[in-house]
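Enquirer: Compact mmCIF, C-alpha atoms, saved as upload.txt, coming up:
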```
# COMPACT_ATOMS: atom_id res chain seq x y z
CA MET R 1 110.80 122.93 129.03
CA ILE R 2 108.58 120.04 130.15
CA ASN R 3 107.10 119.65 126.66
CA GLU R 4 110.59 119.39 125.18
CA GLN R 5 111.51 116.70 127.71
CA LYS R 6 108.36 114.76 126.83
CA LYS R 7 109.12 115.05 123.11
CA SER R 8 112.67 113.76 123.59
CA ASN R 9 111.36 110.68 125.44
CA TYR R 10 109.23 109.58 122.51
CA PRO R 11 110.83 107.43 119.82
CA LYS R 12 111.64 109.14 116.57
CA PRO R 13 108.84 108.60 114.02
CA MET R 14 109.43 106.32 111.07
CA SER R 15 110.54 108.04 107.87
CA PHE R 16 108.01 108.31 105.07
CA LEU R 17 110.00 106.02 102.78
CA ALA R 18 110.26 103.38 105.51
CA MET R 19 106.49 103.57 105.91
CA VAL R 20 106.07 103.04 102.15
CA PHE R 21 108.36 99.99 102.35
CA TRP R 22 106.47 98.43 105.26
CA THR R 23 103.09 99.22 103.71
CA GLY R 24 104.13 97.48 100.50
CA LEU R 25 105.61 94.48 102.28
CA PHE R 26 102.66 94.01 104.62
CA GLY R 27 100.17 94.59 101.79
CA GLY R 28 101.80 91.94 99.61
CA LEU R 29 102.09 89.40 102.42
CA PHE R 30 98.58 89.99 103.74
CA TRP R 31 96.72 90.13 100.42
CA GLY R 32 98.82 87.26 99.03
CA THR R 33 97.71 85.19 102.01
CA ILE R 34 94.09 86.24 101.46
CA GLY R 35 94.53 85.19 97.81
CA PHE R 36 95.70 81.76 98.94
CA ILE R 37 92.71 81.45 101.27
CA ALA R 38 90.43 82.42 98.36
CA TYR R 39 92.07 79.67 96.27
CA TYR R 40 91.77 77.15 99.12
CA PHE R 41 88.03 77.82 99.41
CA ASN R 42 87.60 77.65 95.60
CA PHE R 43 86.76 81.32 95.05
CA THR R 44 89.52 81.47 92.44
CA GLU R 45 91.35 79.01 90.19
CA ILE R 46 94.63 80.88 90.58
CA ARG R 47 96.93 80.06 93.46
CA PRO R 48 99.77 82.34 94.52
CA ASN R 49 102.29 79.74 93.32
CA VAL R 50 101.83 80.82 89.69
CA ILE R 51 104.24 83.66 90.40
CA LEU R 52 107.06 81.09 90.56
CA GLU R 53 106.27 79.39 87.23
CA PRO R 54 108.59 81.42 85.00
CA TRP R 55 111.58 81.08 87.34
CA ALA R 56 111.42 77.94 89.47
CA LEU R 57 111.79 74.30 88.47
CA GLY R 58 110.56 71.23 90.31
CA LYS R 59 107.47 70.02 92.09
CA TRP R 60 108.25 71.91 95.30
CA LYS R 61 106.76 75.09 93.84
CA ASN R 62 103.30 73.48 93.91
CA GLU R 63 103.60 72.33 97.52
CA TRP R 64 103.42 74.23 100.83
CA LEU R 65 106.99 75.54 100.50
CA GLY R 66 106.16 76.97 97.09
CA THR R 67 103.10 78.68 98.55
CA VAL R 68 105.10 80.27 101.37
CA ILE R 69 107.88 81.42 99.04
CA SER R 70 105.29 82.74 96.57
CA ILE R 71 103.60 84.85 99.24
CA ILE R 72 106.98 86.20 100.40
CA PHE R 73 107.87 86.99 96.78
CA MET R 74 104.53 88.81 96.42
CA GLY R 75 105.45 90.87 99.46
CA LEU R 76 108.74 91.87 97.86
CA LEU R 77 107.08 92.73 94.53
CA SER R 78 104.51 94.69 96.46
CA VAL R 79 107.25 96.88 97.93
CA GLY R 80 108.12 97.89 94.37
CA ALA R 81 104.45 98.53 93.58
CA ALA R 82 104.13 100.69 96.71
CA PHE R 83 107.13 102.79 95.66
CA VAL R 84 105.61 103.21 92.18
CA TYR R 85 102.43 104.47 93.83
CA TYR R 86 104.49 106.74 96.07
CA ALA R 87 106.36 108.21 93.11
CA ALA R 88 103.32 108.71 90.89
CA LEU R 89 100.23 109.22 93.02
CA LYS R 90 101.13 110.18 96.60
CA LYS R 91 99.79 113.72 96.26
CA PHE R 92 96.27 112.63 95.30
CA SER R 93 93.91 112.06 98.20
CA GLY R 94 90.80 109.92 98.33
CA ILE R 95 90.05 106.29 97.73
CA TRP R 96 89.56 106.47 93.98
CA PHE R 97 93.25 106.69 93.11
CA GLY R 98 94.01 103.59 95.17
CA LEU R 99 91.13 101.70 93.57
CA GLY R 100 92.30 102.86 90.14
CA TYR R 101 95.84 101.72 90.94
CA GLY R 102 94.52 98.29 91.90
CA LEU R 103 92.58 98.15 88.62
CA VAL R 104 95.70 99.11 86.63
CA LEU R 105 97.68 96.35 88.39
CA PHE R 106 94.90 93.85 87.60
CA ILE R 107 94.95 94.82 83.91
CA LEU R 108 98.75 94.67 83.88
CA VAL R 109 98.83 91.15 85.34
CA PHE R 110 95.89 89.60 83.49
CA PHE R 111 96.26 91.20 80.08
CA ILE R 112 99.90 92.18 79.62
CA LEU R 113 101.88 89.77 81.83
CA ASN R 114 99.54 86.79 81.34
CA PRO R 115 101.86 85.00 78.86
CA LEU R 116 104.50 84.70 81.62
CA PHE R 117 102.20 82.38 83.56
CA PRO R 118 101.32 79.35 81.43
CA SER R 119 98.94 77.76 83.95
CA VAL R 120 96.74 80.88 84.07
CA LYS R 121 94.09 80.82 81.37
CA SER R 122 93.51 83.90 79.28
CA PHE R 123 91.22 86.43 80.91
CA PHE R 124 88.17 85.50 78.85
CA ASP R 125 88.60 81.79 79.66
CA LEU R 126 88.65 82.31 83.44
CA SER R 127 85.56 81.53 85.51
CA ARG R 128 83.36 84.37 86.66
CA ASP R 129 84.21 83.57 90.29
CA THR R 130 87.94 83.83 89.56
CA ILE R 131 87.57 87.15 87.76
CA ILE R 132 85.39 88.70 90.46
CA THR R 133 87.55 87.41 93.32
CA THR R 134 90.88 88.46 91.84
CA LEU R 135 89.55 91.82 90.70
CA CYS R 136 88.28 92.50 94.23
CA LEU R 137 91.63 91.43 95.71
CA TYR R 138 93.50 93.80 93.40
CA LEU R 139 91.09 96.65 94.11
CA ILE R 140 91.36 96.19 97.87
CA TYR R 141 95.15 95.85 97.63
CA GLY R 142 95.32 99.11 95.63
CA LEU R 143 93.01 100.78 98.13
CA PHE R 144 95.15 99.59 101.05
CA VAL R 145 98.45 100.75 99.55
CA GLY R 146 97.06 103.94 98.05
CA TYR R 147 95.10 105.10 101.05
CA SER R 148 97.95 104.28 103.46
CA ILE R 149 100.46 106.26 101.42
CA ASN R 150 98.06 109.17 100.78
CA TYR R 151 97.09 109.36 104.44
CA GLU R 152 100.70 109.45 105.59
CA TYR R 153 101.61 112.00 102.91
CA GLN R 154 98.74 114.30 103.95
CA ASN R 155 99.73 113.99 107.64
CA THR R 156 103.38 114.70 106.89
CA LYS R 157 102.40 117.69 104.78
CA ALA R 158 100.13 119.00 107.55
CA GLU R 159 102.88 118.59 110.17
CA VAL R 160 105.35 120.50 108.03
CA THR R 161 102.79 123.28 107.47
CA GLU R 162 101.92 123.36 111.17
CA SER R 163 105.55 123.52 112.29
CA ALA R 164 106.27 126.31 109.79
CA THR R 165 103.64 128.56 111.34
```
Would you write out, as structure tokens, the structure that this file holds?
Expert:
Amino acid sequence: MINEQKKSNYPKPMSFLAMVFWTGLFGGLFWGTIGFIAYYFNFTEIRPNVILEPWALGKWKNEWLGTVISIIFMGLLSVGAAFVYYAALKKFSGIWFGLGYGLVLFILVFFILNPLFPSVKSFFDLSRDTIITTLCLYLIYGLFVGYSINYEYQNTKAEVTESAT
């Protein structure tokens, strides 16, 4: 009886899909901001604002407002990327799937989607610092999203198994 009263006083846990949404949003905002800091300190030639190039007109996109909107847009795109990971790879545990997902996103952006961003040089024309920095950012982003989703999936699966017994 007392345990049931204690359980009813706790807030209801977040749904798994809500956790995927927040993981994607936070991952995009956080790692987009880290990408801007890397650009600011000249670790990479690519600023987050390049994401606005195909869609936005005017000089504002290269100023502080463009940077803020770009990072927010990255957060929203990251929600989609998190749901793709959820749909395809949630059942696989370990860090390697997240790292692999980050690598796939890096290849997608720098080899397939590169023509959408005219100010980004082709991959082989980028500086070594830019390649290493952006590759590491994508790998860590993939690790963050992948491991967060896998961890939550494994916990949810364990709770369901535990409650069934």
Enquirer: For Val50 (chain R), which residue among R:Phe117, R:Val160, R:Trp31, R:Gly146 is the nearest when counting all atoms listed in the file?
Expert: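 The closest residue to Val50 (chain R) is R:Phe117.
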Enquirer: Extract, using only C-alpha atoms, all DNA, RNA and protein residues at most 12 Å from Thr33 (chain R), discarding same-chain residues fewer than 2 positions from it, and format them as a list of chain:residue names.
Expert: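 Near neighbours after the sequence-gap exclusion: R:Phe26, R:Gly27, R:Gly28, R:Leu29, R:Phe30, R:Trp31, R:Gly35, R:Phe36, R:Ile37, R:Ala38, R:Tyr39, R:Tyr40, R:Arg47, R:Pro48, R:Asn49, R:Thr67, R:Val68, R:Ile69, R:Ser70, R:Ile71, R:Ile72, R:Phe73, R:Met74, R:Gly75, R:Leu137, R:Tyr141.
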Enquirer: Around all the atoms of region 17-34 of chain R listed in the file, draw an axis-aligned box and extend it by 8 Å on each of the six sides; I want its centre and edge lengths in Å to one decimal, as JSON.
Expert:
```
{"center_x": 102.2, "center_y": 95.6, "center_z": 102.5, "size_x": 32.2, "size_y": 36.8, "size_z": 22.9}
```
Enquirer: Rank R:Val145, R:Glu159, R:Ile131, R:Gln154 by their smallest atom-to-atom distance to Ile46 (chain R), using all atoms listed in the file, and report the top residue only.
Expert: R:Ile131
Enquirer: Got a sec: who's within 12 Å of Ala87 (chain R), counting only C-alpha atoms, leaving out chain neighbours fewer than 3 positions off, as an mmCIF file with C-alpha atoms, keeping the file's coordinate frame?
Expert:
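Result file follows (selection37.cif):
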```cif
data_model
loop_
_atom_site.group_PDB
_atom_site.id
_atom_site.type_symbol
_atom_site.label_atom_id
_atom_site.label_comp_id
_atom_site.auth_asym_id
_atom_site.auth_seq_id
_atom_site.Cartn_x
_atom_site.Cartn_y
_atom_site.Cartn_z
ATOM 1 C CA LEU R 17 110.000 106.020 102.780
ATOM 2 C CA VAL R 20 106.070 103.040 102.150
ATOM 3 C CA GLY R 80 108.120 97.890 94.370
ATOM 4 C CA ALA R 81 104.450 98.530 93.580
ATOM 5 C CA ALA R 82 104.130 100.690 96.710
ATOM 6 C CA PHE R 83 107.130 102.790 95.660
ATOM 7 C CA VAL R 84 105.610 103.210 92.180
ATOM 8 C CA LYS R 90 101.130 110.180 96.600
ATOM 9 C CA LYS R 91 99.790 113.720 96.260
ATOM 10 C CA PHE R 92 96.270 112.630 95.300
ATOM 11 C CA GLY R 146 97.060 103.940 98.050
ATOM 12 C CA ILE R 149 100.460 106.260 101.420
ATOM 13 C CA ASN R 150 98.060 109.170 100.780
ATOM 14 C CA TYR R 153 101.610 112.000 102.910
#
```
Enquirer: Could you tell me which of R:Phe41, R:Ile51, R:Lys157, R:Pro13 comes closest to Thr130 (chain R) if we count only C-alpha atoms?
Expert: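 Ranking R:Phe41, R:Ile51, R:Lys157, R:Pro13 by distance to Thr130 (chain R), first place goes to R:Phe41.
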Enquirer: Pick out the residues sitting within 12 Å of Pro54 (chain R), and hand them over as a ChimeraX atom specification; count only C-alpha atoms, and ignore anything fewer than 3 positions along from it in its own chain.
Expert: /R:49-51,57-58,61,113-120
Enquirer: Have a look at R:Phe123, R:Tyr147, R:Tyr138, R:Tyr86 and name the one nearest to Val104 (chain R); count all atoms listed in the file.
Expert: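 Closest candidate: R:Tyr138.
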Enquirer: R:Trp96, R:Phe43, R:Tyr151, R:Phe124: which is nearest Phe111 (chain R), counting all atoms listed in the file?
Expert: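 Under the stated criterion, the closest residue is R:Phe124.
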Enquirer: Could you check how far CA of Gly142 (chain R) sits from CA of Gly100 (chain R), in Å to one decimal?
Expert: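 Atom-to-atom, CA of Gly142 (chain R) and CA of Gly100 (chain R) are spaced 7.3 Å apart.
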Enquirer: In Å to one decimal, how far is CA of Leu135 (chain R) from CA of Tyr85 (chain R)?
Expert: 18.3 Å
Enquirer: Nearest to Asn42 (chain R): which of R:Asp129, R:Leu139, R:Ala18, R:Glu152 is it, counting only C-alpha atoms?
Expert: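 Result for the nearest residue to Asn42 (chain R): R:Asp129.
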Enquirer: One decimal, in Å: what's the spacing between CA of Thr44 (chain R) and CA of Gly32 (chain R)?
Expert: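 Between CA of Thr44 (chain R) and CA of Gly32 (chain R) the gap is 12.8 Å.
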